[in-house]
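Here's the structure we're looking at; comments come further down.
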Amino acid sequence: MKLESKVPSGPLAEKWDKHRFEMKLVNPANKRKYTVIVVGTGLAGASAAATMAELGYNVKNFCFQDSPRRAHSIGAQGGINAAKNYQNDGDSIWRLFFDTIKGGDFRSREANTYRLAQVSNNIIDQCAAQGVPFAREYGGLLANRSFGGAQVSRTFYARGQTGQQLLLGAYSALQRQIGLGKVQMFPRTEMLDLVLVDGHAKGIIIRDLVTGEISSHAADAVVLGTGGYGRVYNLSTMGLGCNVTAAYRAYKRGALFANPCYHQIHPTCIPHTGEYQSKLTLMSESLRNDGRIWVPKNKGDKRPPGEIPEEERDYYLERKYPSFGNLAPRDISSRSAKEVCDEGRGVGPTGYGVYLDFSEAIGRLGKKVISEKYGNLFDMYELINDEDPYQVPMRIYPASHYSMGGLWVDYNLMSNIPGLHVIGEANFSDHGANRLGASALMQGLADGYFVLPYTIGDYFARVGAQNITTDRPEFREAEEAVSAKIKKLMSIKGERTADSFHKALGEIMWEKAGLARNESGLKKALEEIATLKEEFWQNVKVLGSNESLNQTLEKAGRVADFLEFAEIFCYDALNREESCGAHFREEYQTKEGEALRNDKKFAYVSAWEYKGDGVKPELHKEELEFENVELATRSYK
Amino acid sequence: MNLTLRVWRQKNSQDKGHLEIYQANDINEDMSFLEMLDVVNEDLIKKDIEPIHFDHDCREGICGACSLVINGIPHGGKKGCTTCELRMRNFKDGDTITIEPFRAKAFPVIRDLMVDRSSLDRVMQAGGFVSVNTGGVPDANAIPIHKEISDKAMDAAACIGCGACVAACPNASAMLFVSAKVSHLATLPQGKVEREQRVRKMVAQMDIEGFGNCTNYYECEAVCPKEISVKSIAMMNREYMRALVK
């Protein structure tokens, strides 16, 4: 299979404009002849659904939550990047592009990343017009702060709940279109299959989570904005409902899964404390603007932090990366935290934690300023840990957070299945092997507001409206397959809960495919996953009925998909014999322990094709071409 | 710690429902309230009893999915805290805890502790937005907004749409929820353009959905996990009067 990125020719800065001109249009009166299915209502899904409805398309929007406002984009705290250069500190579209591509360790597609930087400014304008209450200076203009991997201040924010405010902006636009009848909303539904008609994505199968009813929906195109796969580790910063099912089932229908091994482990989360734990709570990266990260210099130093004198502390990020210091990128910060903890210098009851200390900033700026900037995060920390971070340093540790990998898409955000578009975290395209802070919100909204609404028109104009209906055999076949799978899950009547399998999978993945990986560990992981998967299908226990609301059944279906997905993740990590970004293979590192890329052999996108249950997927490669940046060793020293 | 739970069980919206008693043993004080329920549920499944169904997702106090009336108080009564953030250290060994769904005419129970809050979405559809399409908007810095005004809008915009205000109100009024959106948008210049029709439409929809009126109990403010002030209700009333006379 030849993967065509469809990147337009011409100078980088002109590609998107040129492409917008060259794309075919659907005239305003004809747009109402097209229906588009959007799965997911996060930043990408909600913004895409609302914008396409504004343009005149008929939109059917699905989410598993009880309201579209609850999609997990809501959890994003710190901010959203844009190349506005409001701070006059030397920012530009080019710099945002360069920081992002370097941050991604030169494993993303140049043209996509450049376009992302280009439209970033429109996003801020759009959100401000919707009434998003961004932080402002006393003069009334927008305020900025800094995020990792950048030396300019380009992050816009709304206290510590930027994701919430941006999502509520997109949700309000979506609600308006629902009210106008242009979007039909289906909350509490889960997509369980993709339907192809003559090779094109023309519908989905859903389960109504309240009644258990399985039904078909047809459209002229399908858009997945279904987020990442971070819960393959079980414990993560994501919402507990987040899952890989929609993307994975599209993969099983032929969509390629790209770079699954690129998954971000976020450096600043509340550490793991016990078996019962369901979730690791993020503490925004923005805290690293003012917090200093340290551990004791000596192994096993169990004194309370306040009793450890300054000279016996190791501010390891400031020491190792003096020019970026505590704002080193996420992959590097996470790995450094693991290193010092593995050396026995970690803090807290488990020894897997490092301090994030605000005492210096509180001394310099005063408690009031710190509270204005980060108040809600400090409160959240105290609620969870019963410790006051104004008095005692926070304890933090890396946790699974964001998927850079995802379904493969071309420049038009269309997968290799014609008609199937993938947006936001669910696709792979913009962040390479590591995502910089405050760039996820940017990408979700860029795709939904400013990219997909254009590119989908080109697809429609080329194929025309086809009025596909759900009485076709393709829909019946897919519905039957979905029902059969559910019946199978219900019929096992084993002894072990889906949650217990999920925990076991999470442990395998964290140990062997987490912050550091190696060949023998990954091979072992593949064996262990296969055994666990086999046990799952013989021993999972699902109670109740499939014809009613049944949360154990929902979980079991999602865990089943995670068990299969974990295998592609490991195959990808095994294949990529280099270290880049979040993918750190222990065999490939410099003397100083930094990631060692191999551009000669691995400057490509790995795109995996489903070849049957339990069969190794087939690897396809999209070579990455760099015409505008020089592939350099990433340095933040 | 060991606890006794009295939990509302209801098969579906037609079922009458009843309280069931369960034991929660060896509960760690660092667990969240929902993690405690997870542990109880694992135990129930082992005993072939269907687990207690409840809404939840982010488990960090921001998505607004979790609900629960704990010992008579929505979200359990700790100030500025959602059920998912509530830790078991707020209870003591031997306690009996009663857990019920959010109750209101506009929030029908769909199973156990899960309710249908789509009425809140429909109120938003009536007018909880600024009518701007994507594209063609001015530069974000073209309209300066005083920091205090912007902060005030943000205070109201912090609402997570959980519906605790409705569950706490003896009248099952949604005034705090609706007023949070009305005041967020009416405070900002971007939202002022449509302020009259917005408040009229949202209030009308609120009545259609069967939410009650505000008679100043202020229970809503007391339980709001985001500590939205009842001052926003006063602001909404002013906005409404203003719209009527205009």
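Chain lettering (A, B, ...) mirrors the order of the structure tokens, residue numbering begins at 1 for each chain separately, and ligand numbering begins at 1 in order of display.
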
Name the residues in contact with A:Ile293 at a cut-off of 7 Å, using only C-alpha atoms, excluding same-chain residues fewer than 2 positions from it; report them as a PyMOL selection string. chain A and resi 291+315+326+354-357

Could you list, with a cut-off of 7 Å and counting only C-alpha atoms, the residues of chain A near chain B, each shown with its nearest atom pair and the distance in Å rounded to one decimal, rows sorted by chain and ascending number, as CSV?
residue,atom,partner,partner_atom,distance
A:Thr51,CA,B:Thr134,CA,6.1
A:Glu54,CA,B:Asn133,CA,6.4
A:Ser67,CA,B:Ser118,CA,6.8
A:Arg70,CA,B:Cys63,CA,4.8
A:His72,CA,B:Cys58,CA,6.7
A:Ile74,CA,B:Cys63,CA,6.1
A:Gly75,CA,B:Ile62,CA,6.3
A:Ile124,CA,B:Ala140,CA,6.3
A:Asp125,CA,B:Ala140,CA,4.3
A:Gln126,CA,B:Val137,CA,6.2
A:Ala128,CA,B:Ala140,CA,5.6
A:Ala129,CA,B:Gln190,CA,6.0
A:Gln130,CA,B:Val130,CA,5.5
A:Gly131,CA,B:Gln190,CA,5.8
A:Pro133,CA,B:Met154,CA,5.5
A:Arg136,CA,B:Lys147,CA,5.4
A:Glu137,CA,B:Lys147,CA,5.9
A:Tyr138,CA,B:Lys147,CA,5.2
A:Gly139,CA,B:His146,CA,6.6
A:Gly140,CA,B:Ile145,CA,4.3
A:Leu141,CA,B:Pro144,CA,5.3
A:Leu142,CA,B:Asn141,CA,6.6
A:Ser172,CA,B:Phe129,CA,5.0
A:Ala173,CA,B:Phe129,CA,6.5
A:Gln175,CA,B:Gln125,CA,4.7
A:Arg176,CA,B:Gln125,CA,5.4
A:Ile178,CA,B:Gln125,CA,6.6
A:Gly179,CA,B:Gln125,CA,4.9
A:Met238,CA,B:Cys58,CA,6.5
A:Gly239,CA,B:Cys58,CA,3.9
A:Leu240,CA,B:Asp57,CA,5.0
A:Gly241,CA,B:Asp57,CA,5.7
A:Tyr276,CA,B:Glu35,CA,6.6
A:Gln277,CA,B:Glu35,CA,6.7
A:Ser278,CA,B:Glu35,CA,6.5
A:Thr281,CA,B:Glu60,CA,6.6
A:Leu383,CA,B:Glu85,CA,6.7
A:Ile384,CA,B:Glu85,CA,6.7
A:Tyr449,CA,B:Thr134,CA,6.5
A:Leu543,CA,B:Glu50,CA,6.0
A:Gly544,CA,B:Glu50,CA,6.4
A:Gln551,CA,B:His53,CA,6.9

Between atom CA of A:Leu196 and atom CA of A:Pro473 - distance in Å to one decimal: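 One can read the atom CA of A:Pro473 to atom CA of A:Leu196 distance as 10.6 Å.
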
Quick one: residues within 10 Å of stretch 216-218 of chain B, only C-alpha atoms counted, chain neighbours fewer than 5 positions away excluded, as an NGL selection string? :B and (165 or 168-171 or 176 or 223 or 229-230 or 233)

Write a file of the selected residues as a PDB file, in the first residue's frame, keeping N, CA, C and O atoms.
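Below is the file that was written, selection.pdb:
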ATOM      1  N   CYS B 165     -26.856  22.180  42.127  1.00  0.00           N
ATOM      2  CA  CYS B 165     -27.693  23.308  42.562  1.00  0.00           C
ATOM      3  C   CYS B 165     -29.166  22.926  42.504  1.00  0.00           C
ATOM      4  O   CYS B 165     -29.948  23.256  43.404  1.00  0.00           O
ATOM      5  N   ALA B 168     -30.002  20.352  45.265  1.00  0.00           N
ATOM      6  CA  ALA B 168     -30.009  20.896  46.628  1.00  0.00           C
ATOM      7  C   ALA B 168     -31.219  21.778  46.885  1.00  0.00           C
ATOM      8  O   ALA B 168     -31.638  21.956  48.029  1.00  0.00           O
ATOM      9  N   CYS B 169     -31.783  22.337  45.837  1.00  0.00           N
ATOM     10  CA  CYS B 169     -32.837  23.349  46.001  1.00  0.00           C
ATOM     11  C   CYS B 169     -34.172  22.697  46.354  1.00  0.00           C
ATOM     12  O   CYS B 169     -34.614  21.773  45.658  1.00  0.00           O
ATOM     13  N   PRO B 170     -34.833  23.161  47.403  1.00  0.00           N
ATOM     14  CA  PRO B 170     -36.152  22.598  47.739  1.00  0.00           C
ATOM     15  C   PRO B 170     -37.162  22.776  46.596  1.00  0.00           C
ATOM     16  O   PRO B 170     -38.122  22.014  46.495  1.00  0.00           O
ATOM     17  N   ASN B 171     -36.923  23.754  45.730  1.00  0.00           N
ATOM     18  CA  ASN B 171     -37.822  23.968  44.592  1.00  0.00           C
ATOM     19  C   ASN B 171     -37.303  23.295  43.317  1.00  0.00           C
ATOM     20  O   ASN B 171     -37.874  23.487  42.255  1.00  0.00           O
ATOM     21  N   LEU B 176     -29.255  28.811  39.580  1.00  0.00           N
ATOM     22  CA  LEU B 176     -27.817  29.071  39.695  1.00  0.00           C
ATOM     23  C   LEU B 176     -27.113  28.668  38.393  1.00  0.00           C
ATOM     24  O   LEU B 176     -26.263  29.398  37.882  1.00  0.00           O
ATOM     25  N   VAL B 223     -23.803  24.189  48.017  1.00  0.00           N
ATOM     26  CA  VAL B 223     -23.288  22.901  47.519  1.00  0.00           C
ATOM     27  C   VAL B 223     -22.494  23.026  46.231  1.00  0.00           C
ATOM     28  O   VAL B 223     -21.879  22.055  45.796  1.00  0.00           O
ATOM     29  N   SER B 229     -21.431  32.116  42.929  1.00  0.00           N
ATOM     30  CA  SER B 229     -22.159  32.937  43.891  1.00  0.00           C
ATOM     31  C   SER B 229     -23.611  33.153  43.468  1.00  0.00           C
ATOM     32  O   SER B 229     -23.917  33.276  42.281  1.00  0.00           O
ATOM     33  N   VAL B 230     -24.504  33.239  44.476  1.00  0.00           N
ATOM     34  CA  VAL B 230     -25.914  33.533  44.167  1.00  0.00           C
ATOM     35  C   VAL B 230     -26.074  34.951  43.616  1.00  0.00           C
ATOM     36  O   VAL B 230     -27.146  35.293  43.105  1.00  0.00           O
ATOM     37  N   ILE B 233     -27.540  35.002  40.348  1.00  0.00           N
ATOM     38  CA  ILE B 233     -29.005  34.930  40.226  1.00  0.00           C
ATOM     39  C   ILE B 233     -29.585  36.351  40.253  1.00  0.00           C
ATOM     40  O   ILE B 233     -30.470  36.695  39.455  1.00  0.00           O
TER      41      ILE B 233
END

Rounded to one decimal in Å, what is the spacing between atom CA of B:Ser13 and atom CA of A:Pro187? 17.2 Å
